Amino acid sequence: MSINKRVSGAGKVSWYVRWYESGRESKRRQRAFGTKRDAQLFEADLRRQAQLGAHAPGWASDDRLREWLETWGRTNQAVWAPSTAVIRASNITRWITPYIGDVRLRDLGPPRLREWRDEIVRDGATPMTVTNVMKTLSSALGAAVADDKLPSNPLLGVKRLPIHREPRPALSPNQAERIRAALPSQRDRVLWGLLCLAGLRTEDALALRWSDVIGLTPTGATLKIDRTFVLGTTRNTTKTGRGRDVPVIAPLAADLVQHFDETLPLRDDGLICVSRAGTPLNLHNWRMRVFRPAREAAGVPWATPYTGRHTYISFQIHAGLSPVTIAAIAGNSPDVIWKHYAREFERSRTTKQIDLEAAIVAARREVWESRGRTVDARPLPTPPKLDEKTRISGSFIGI
């Protein structure tokens with residue numbers, strides 16, 4: 001460690017501190033100061049750092065953000081969920097490194113980060129995208145603080161953009177059934193039913209197997225929700241980390257029985273909703289190629305697959321269920337249910353309670369009759385009879 005004086009051709013005096021970060025084997029580093037006093041104070045800090053070792057407080061690193069993000073991703077890949085790794089890599093590649101990847105960590109103060117935030121907004125990032133990208137960068141900078149690359153996380157001083165979400169109404173039973181009738185296959189109708197009549201998240205529905213359907217008859221069943229399918233990967237846990245049991249009403253149970261009968265020769269891994277190739281469905285493709293045309297044909301332009309879950313929760317509120325019961329079925333906390341559906345609970349006090357199963361049966365009959373078909377005389381399908389080999393294999397439980 002040394003202090004050296006240097007005089008430029010113009011007569012400007014600079015003081016350079018030179019040191020090795022981790023012994024003589026590491027790369028030699030240096031830093032310039034305008035006065036000898038500043039150089040001496042910095043040298044004193046270096047000596048203090050050397051005395052305290054790993055317990056010494058750090059200062060801002062000269063590493064570029066791009067280099068740190070690569071290190072952060074490489075060293076944490078094993079502990080991230082696959083979906084988390086994909087989302088963070090996308091955020092870094094699209095919105096972070098092209099803008100501030102070459103900025104050194106010590107230069108990443110709140111003013112520079114506010115400029116970056118405003119820049120990506122001008123380039124088309126929505127408030128929700130900005131929030132998600134800032135979460136990724138904040139996690140990376142927080143890890144830099146833990147590794148003594150930064151004294152504090154500068155992104156904590158940068159406000160996130162407000163997110164204004166337009167409230168979208170839940171579907172009526174008739175609208176939900178019109179979408180169902182417009183879907184092209186029984187698989188699609190079952191998937192929509194799992195969302196709209198059982199309140200599953202899309203990642204729960206795509207991971208559902210026949211072995212998770214307990215006690216299936218044409219009049220009811222129970223769904224065991226213990227896993228999710230996100231970004232091409234099945235996770236043996238739910239979004240909240242807790243499993244739950246979801247009751248199945250008769251219209252959905254009848255659809256499941258029919259779908260089970262149709263797919264019996266094609267099942268390999270027991271998934272209920274699979275592609276034509278027998279692989280798990282790609283939600284983006286299904287939403288764009290199957291669900292969007294069906295909702296347009298049904299005349300419900302605002303609906304998305306998640307609208308099904310929103311509709312189910314609203315149905316249960318108007319059926320008279322409490323926030324605690326709905327939260328247990330939907331896999332949320334009662335506080336979350338009350339926060340997002342307080343207005344719906346208020347409306348339910350002044351409206352007549354509905355019976356969800358009866359409302360769906362009536363709506364289904366109305367939709368089918370409007371298409372020139374009748375369902376009154378058509379009996380519900382009976383459960384298929386399974387041979388002993390199928391029962392022993394465990395591909396289906398409960399019939």
# chains A, B, ... in the order shown; residues from 1 in each chain; ligands from 1

call {"tool": "select_by_dssp", "arguments": {"residues": "region 217-392 of chain A", "states": "strand (DSSP E or B)", "output": "PyMOL selection string"}}
result
chain A and resi 217+220-225+228-230+233-235+244-248+271+274+280

call {"tool": "select_by_dssp", "arguments": {"residues": "region 7-229 of chain A", "states": "helix (DSSP H, G or I)", "output": "ChimeraX atom specification"}}
result
/A:36-55,65-79,82-100,105-107,110-122,127-146,154-157,173-182,186-196,202-207,210-212

call {"tool": "write_last_selection", "arguments": {"atoms": "C-alpha atoms", "output": "tab-separated table (two decimals), in the first residue's frame"}}
result
chain	number	residue	atom	x	y	z
A	36	LYS	CA	-2.72	14.51	-0.18
A	37	ARG	CA	-5.07	14.71	2.82
A	38	ASP	CA	-7.83	12.84	0.94
A	39	ALA	CA	-5.34	10.20	-0.16
A	40	GLN	CA	-4.12	9.72	3.43
A	41	LEU	CA	-7.68	9.34	4.74
A	42	PHE	CA	-8.43	6.73	2.08
A	43	GLU	CA	-5.24	4.85	2.91
A	44	ALA	CA	-6.26	4.84	6.58
A	45	ASP	CA	-9.59	3.31	5.60
A	46	LEU	CA	-7.76	0.63	3.64
A	47	ARG	CA	-5.61	-0.24	6.61
A	48	ARG	CA	-8.69	-0.43	8.81
A	49	GLN	CA	-10.29	-2.75	6.27
A	50	ALA	CA	-7.24	-5.00	6.34
A	51	GLN	CA	-7.32	-5.17	10.15
A	52	LEU	CA	-11.02	-6.09	10.39
A	53	GLY	CA	-10.99	-8.50	7.44
A	54	ALA	CA	-14.41	-9.91	6.54
A	55	HIS	CA	-16.07	-7.88	9.31
A	65	LEU	CA	-23.26	-3.24	-12.84
A	66	ARG	CA	-23.17	-5.68	-15.78
A	67	GLU	CA	-20.31	-7.62	-14.13
A	68	TRP	CA	-22.07	-7.73	-10.78
A	69	LEU	CA	-25.35	-8.93	-12.29
A	70	GLU	CA	-23.52	-11.79	-14.00
A	71	THR	CA	-21.86	-12.75	-10.72
A	72	TRP	CA	-25.13	-12.45	-8.81
A	73	GLY	CA	-27.01	-14.65	-11.28
A	74	ARG	CA	-24.26	-17.27	-11.46
A	75	THR	CA	-23.86	-17.63	-7.68
A	76	ASN	CA	-27.59	-17.70	-6.88
A	77	GLN	CA	-28.92	-19.84	-9.73
A	78	ALA	CA	-29.09	-22.95	-7.54
A	79	VAL	CA	-31.36	-21.38	-4.91
A	82	PRO	CA	-36.71	-21.86	-12.32
A	83	SER	CA	-39.51	-19.36	-12.92
A	84	THR	CA	-37.70	-16.75	-10.81
A	85	ALA	CA	-34.48	-17.25	-12.78
A	86	VAL	CA	-36.31	-16.85	-16.12
A	87	ILE	CA	-38.13	-13.68	-15.05
A	88	ARG	CA	-35.01	-12.06	-13.60
A	89	ALA	CA	-32.91	-12.92	-16.65
A	90	SER	CA	-35.56	-11.39	-18.91
A	91	ASN	CA	-35.74	-8.20	-16.83
A	92	ILE	CA	-31.95	-7.83	-16.80
A	93	THR	CA	-31.53	-8.47	-20.52
A	94	ARG	CA	-34.39	-6.22	-21.65
A	95	TRP	CA	-34.52	-3.34	-19.19
A	96	ILE	CA	-31.34	-3.11	-17.09
A	97	THR	CA	-28.06	-3.92	-18.84
A	98	PRO	CA	-28.84	-2.03	-22.09
A	99	TYR	CA	-29.37	1.14	-20.07
A	100	ILE	CA	-27.08	1.09	-17.02
A	105	LEU	CA	-21.64	0.40	-8.71
A	106	ARG	CA	-20.16	3.39	-6.91
A	107	ASP	CA	-21.87	5.70	-9.44
A	110	PRO	CA	-30.62	7.49	-6.48
A	111	PRO	CA	-30.41	10.34	-9.06
A	112	ARG	CA	-28.90	8.05	-11.71
A	113	LEU	CA	-31.44	5.33	-10.94
A	114	ARG	CA	-34.33	7.78	-11.21
A	115	GLU	CA	-33.06	8.76	-14.64
A	116	TRP	CA	-32.95	5.09	-15.61
A	117	ARG	CA	-36.51	4.52	-14.35
A	118	ASP	CA	-37.83	7.45	-16.39
A	119	GLU	CA	-35.87	6.31	-19.45
A	120	ILE	CA	-37.39	2.83	-19.55
A	121	VAL	CA	-40.84	4.36	-19.09
A	122	ARG	CA	-40.24	6.52	-22.18
A	127	PRO	CA	-45.92	0.75	-14.49
A	128	MET	CA	-46.27	-2.94	-13.69
A	129	THR	CA	-43.16	-3.76	-15.74
A	130	VAL	CA	-41.22	-0.97	-14.03
A	131	THR	CA	-42.22	-2.34	-10.63
A	132	ASN	CA	-41.12	-5.87	-11.51
A	133	VAL	CA	-37.82	-4.70	-13.02
A	134	MET	CA	-37.08	-2.51	-10.00
A	135	LYS	CA	-37.70	-5.53	-7.74
A	136	THR	CA	-35.11	-7.51	-9.69
A	137	LEU	CA	-32.53	-4.70	-9.56
A	138	SER	CA	-33.22	-4.06	-5.88
A	139	SER	CA	-32.56	-7.73	-5.10
A	140	ALA	CA	-29.26	-7.57	-7.01
A	141	LEU	CA	-28.15	-4.36	-5.27
A	142	GLY	CA	-29.20	-5.77	-1.91
A	143	ALA	CA	-26.93	-8.74	-2.57
A	144	ALA	CA	-24.15	-6.28	-3.45
A	145	VAL	CA	-24.61	-4.66	-0.02
A	146	ALA	CA	-24.39	-8.08	1.64
A	154	PRO	CA	-29.44	3.06	-3.61
A	155	LEU	CA	-32.70	1.86	-5.16
A	156	LEU	CA	-34.45	2.16	-1.79
A	157	GLY	CA	-34.48	5.92	-2.35
A	173	PRO	CA	-73.22	-17.35	-15.04
A	174	ASN	CA	-74.58	-16.82	-18.56
A	175	GLN	CA	-71.38	-15.15	-19.78
A	176	ALA	CA	-69.22	-17.88	-18.24
A	177	GLU	CA	-71.29	-20.56	-19.95
A	178	ARG	CA	-71.24	-18.73	-23.30
A	179	ILE	CA	-67.45	-18.82	-23.21
A	180	ARG	CA	-67.53	-22.49	-22.28
A	181	ALA	CA	-69.87	-23.30	-25.17
A	182	ALA	CA	-67.55	-21.51	-27.63
A	186	GLN	CA	-63.73	-30.92	-23.91
A	187	ARG	CA	-60.20	-30.34	-22.59
A	188	ASP	CA	-60.66	-26.60	-23.03
A	189	ARG	CA	-64.06	-26.68	-21.37
A	190	VAL	CA	-62.61	-28.57	-18.41
A	191	LEU	CA	-59.74	-26.10	-18.07
A	192	TRP	CA	-62.14	-23.15	-18.14
A	193	GLY	CA	-64.31	-24.94	-15.59
A	194	LEU	CA	-61.35	-25.45	-13.26
A	195	LEU	CA	-60.74	-21.71	-13.38
A	196	CYS	CA	-64.33	-20.46	-13.33
A	202	THR	CA	-53.93	-21.12	-13.99
A	203	GLU	CA	-50.69	-22.59	-12.64
A	204	ASP	CA	-52.72	-24.84	-10.30
A	205	ALA	CA	-55.02	-26.04	-13.08
A	206	LEU	CA	-52.19	-26.86	-15.50
A	207	ALA	CA	-50.44	-28.98	-12.85
A	210	TRP	CA	-56.23	-37.24	-12.32
A	211	SER	CA	-54.77	-38.60	-9.11
A	212	ASP	CA	-55.61	-35.23	-7.52

call {"tool": "closest_residue", "arguments": {"among": "A:Ile317, A:Ile3, A:Arg28, A:Ile272", "to": "Tyr16 (chain A)", "atoms": "only C-alpha atoms"}}
result
A:Ile3

call {"tool": "decode", "arguments": {"residues": "region 120-206 of chain A", "atoms": "C-alpha atoms", "output": "PDB file, in the first residue's frame"}}
result
ATOM      1  CA  ILE A 120     -37.390   2.830 -19.554  1.00  0.00           C
ATOM      2  CA  VAL A 121     -40.837   4.365 -19.093  1.00  0.00           C
ATOM      3  CA  ARG A 122     -40.237   6.516 -22.180  1.00  0.00           C
ATOM      4  CA  ASP A 123     -39.201   3.364 -24.038  1.00  0.00           C
ATOM      5  CA  GLY A 124     -42.526   1.666 -23.346  1.00  0.00           C
ATOM      6  CA  ALA A 125     -42.259  -0.051 -19.947  1.00  0.00           C
ATOM      7  CA  THR A 126     -45.637  -0.106 -18.201  1.00  0.00           C
ATOM      8  CA  PRO A 127     -45.918   0.751 -14.487  1.00  0.00           C
ATOM      9  CA  MET A 128     -46.270  -2.944 -13.691  1.00  0.00           C
ATOM     10  CA  THR A 129     -43.164  -3.764 -15.739  1.00  0.00           C
ATOM     11  CA  VAL A 130     -41.224  -0.973 -14.028  1.00  0.00           C
ATOM     12  CA  THR A 131     -42.224  -2.336 -10.631  1.00  0.00           C
ATOM     13  CA  ASN A 132     -41.117  -5.870 -11.511  1.00  0.00           C
ATOM     14  CA  VAL A 133     -37.816  -4.700 -13.020  1.00  0.00           C
ATOM     15  CA  MET A 134     -37.080  -2.513  -9.998  1.00  0.00           C
ATOM     16  CA  LYS A 135     -37.700  -5.528  -7.743  1.00  0.00           C
ATOM     17  CA  THR A 136     -35.108  -7.509  -9.693  1.00  0.00           C
ATOM     18  CA  LEU A 137     -32.534  -4.703  -9.559  1.00  0.00           C
ATOM     19  CA  SER A 138     -33.220  -4.060  -5.880  1.00  0.00           C
ATOM     20  CA  SER A 139     -32.556  -7.729  -5.099  1.00  0.00           C
ATOM     21  CA  ALA A 140     -29.260  -7.567  -7.006  1.00  0.00           C
ATOM     22  CA  LEU A 141     -28.151  -4.358  -5.266  1.00  0.00           C
ATOM     23  CA  GLY A 142     -29.205  -5.774  -1.909  1.00  0.00           C
ATOM     24  CA  ALA A 143     -26.927  -8.744  -2.573  1.00  0.00           C
ATOM     25  CA  ALA A 144     -24.151  -6.276  -3.451  1.00  0.00           C
ATOM     26  CA  VAL A 145     -24.614  -4.665  -0.024  1.00  0.00           C
ATOM     27  CA  ALA A 146     -24.389  -8.079   1.645  1.00  0.00           C
ATOM     28  CA  ASP A 147     -21.138  -8.784  -0.246  1.00  0.00           C
ATOM     29  CA  ASP A 148     -19.641  -5.380   0.707  1.00  0.00           C
ATOM     30  CA  LYS A 149     -19.829  -4.080  -2.840  1.00  0.00           C
ATOM     31  CA  LEU A 150     -22.067  -1.201  -1.734  1.00  0.00           C
ATOM     32  CA  PRO A 151     -22.585   0.497   1.636  1.00  0.00           C
ATOM     33  CA  SER A 152     -26.361   0.649   1.096  1.00  0.00           C
ATOM     34  CA  ASN A 153     -28.998  -0.122  -1.526  1.00  0.00           C
ATOM     35  CA  PRO A 154     -29.436   3.064  -3.607  1.00  0.00           C
ATOM     36  CA  LEU A 155     -32.697   1.856  -5.156  1.00  0.00           C
ATOM     37  CA  LEU A 156     -34.448   2.164  -1.793  1.00  0.00           C
ATOM     38  CA  GLY A 157     -34.482   5.915  -2.349  1.00  0.00           C
ATOM     39  CA  VAL A 158     -36.272   5.635  -5.705  1.00  0.00           C
ATOM     40  CA  LYS A 159     -40.074   5.573  -5.688  1.00  0.00           C
ATOM     41  CA  ARG A 160     -41.933   3.091  -7.825  1.00  0.00           C
ATOM     42  CA  LEU A 161     -44.632   4.189 -10.206  1.00  0.00           C
ATOM     43  CA  PRO A 162     -48.249   4.021  -9.030  1.00  0.00           C
ATOM     44  CA  ILE A 163     -50.231   1.232 -10.635  1.00  0.00           C
ATOM     45  CA  HIS A 164     -53.803   2.098 -11.547  1.00  0.00           C
ATOM     46  CA  ARG A 165     -55.854  -0.983 -12.312  1.00  0.00           C
ATOM     47  CA  GLU A 166     -59.223  -0.587 -13.912  1.00  0.00           C
ATOM     48  CA  PRO A 167     -61.713  -2.708 -11.977  1.00  0.00           C
ATOM     49  CA  ARG A 168     -63.140  -5.384 -14.240  1.00  0.00           C
ATOM     50  CA  PRO A 169     -66.450  -6.984 -13.398  1.00  0.00           C
ATOM     51  CA  ALA A 170     -66.869 -10.649 -12.728  1.00  0.00           C
ATOM     52  CA  LEU A 171     -68.738 -12.693 -15.298  1.00  0.00           C
ATOM     53  CA  SER A 172     -72.351 -13.635 -14.926  1.00  0.00           C
ATOM     54  CA  PRO A 173     -73.216 -17.352 -15.036  1.00  0.00           C
ATOM     55  CA  ASN A 174     -74.583 -16.824 -18.565  1.00  0.00           C
ATOM     56  CA  GLN A 175     -71.380 -15.145 -19.775  1.00  0.00           C
ATOM     57  CA  ALA A 176     -69.223 -17.878 -18.242  1.00  0.00           C
ATOM     58  CA  GLU A 177     -71.286 -20.555 -19.953  1.00  0.00           C
ATOM     59  CA  ARG A 178     -71.242 -18.734 -23.303  1.00  0.00           C
ATOM     60  CA  ILE A 179     -67.445 -18.815 -23.212  1.00  0.00           C
ATOM     61  CA  ARG A 180     -67.529 -22.493 -22.281  1.00  0.00           C
ATOM     62  CA  ALA A 181     -69.869 -23.301 -25.175  1.00  0.00           C
ATOM     63  CA  ALA A 182     -67.550 -21.509 -27.631  1.00  0.00           C
ATOM     64  CA  LEU A 183     -64.444 -23.459 -26.592  1.00  0.00           C
ATOM     65  CA  PRO A 184     -63.481 -26.066 -29.200  1.00  0.00           C
ATOM     66  CA  SER A 185     -62.771 -29.199 -27.129  1.00  0.00           C
ATOM     67  CA  GLN A 186     -63.725 -30.924 -23.906  1.00  0.00           C
ATOM     68  CA  ARG A 187     -60.199 -30.341 -22.594  1.00  0.00           C
ATOM     69  CA  ASP A 188     -60.659 -26.595 -23.035  1.00  0.00           C
ATOM     70  CA  ARG A 189     -64.063 -26.677 -21.373  1.00  0.00           C
ATOM     71  CA  VAL A 190     -62.613 -28.567 -18.407  1.00  0.00           C
ATOM     72  CA  LEU A 191     -59.738 -26.098 -18.069  1.00  0.00           C
ATOM     73  CA  TRP A 192     -62.136 -23.153 -18.141  1.00  0.00           C
ATOM     74  CA  GLY A 193     -64.310 -24.943 -15.589  1.00  0.00           C
ATOM     75  CA  LEU A 194     -61.352 -25.454 -13.256  1.00  0.00           C
ATOM     76  CA  LEU A 195     -60.739 -21.708 -13.381  1.00  0.00           C
ATOM     77  CA  CYS A 196     -64.325 -20.463 -13.328  1.00  0.00           C
ATOM     78  CA  LEU A 197     -66.180 -23.117 -11.319  1.00  0.00           C
ATOM     79  CA  ALA A 198     -63.406 -24.206  -8.929  1.00  0.00           C
ATOM     80  CA  GLY A 199     -61.455 -20.952  -8.645  1.00  0.00           C
ATOM     81  CA  LEU A 200     -58.036 -22.429  -9.412  1.00  0.00           C
ATOM     82  CA  ARG A 201     -55.112 -20.296 -10.486  1.00  0.00           C
ATOM     83  CA  THR A 202     -53.934 -21.124 -13.989  1.00  0.00           C
ATOM     84  CA  GLU A 203     -50.687 -22.594 -12.641  1.00  0.00           C
ATOM     85  CA  ASP A 204     -52.719 -24.842 -10.299  1.00  0.00           C
ATOM     86  CA  ALA A 205     -55.020 -26.036 -13.076  1.00  0.00           C
ATOM     87  CA  LEU A 206     -52.193 -26.864 -15.503  1.00  0.00           C
TER      88      LEU A 206
END
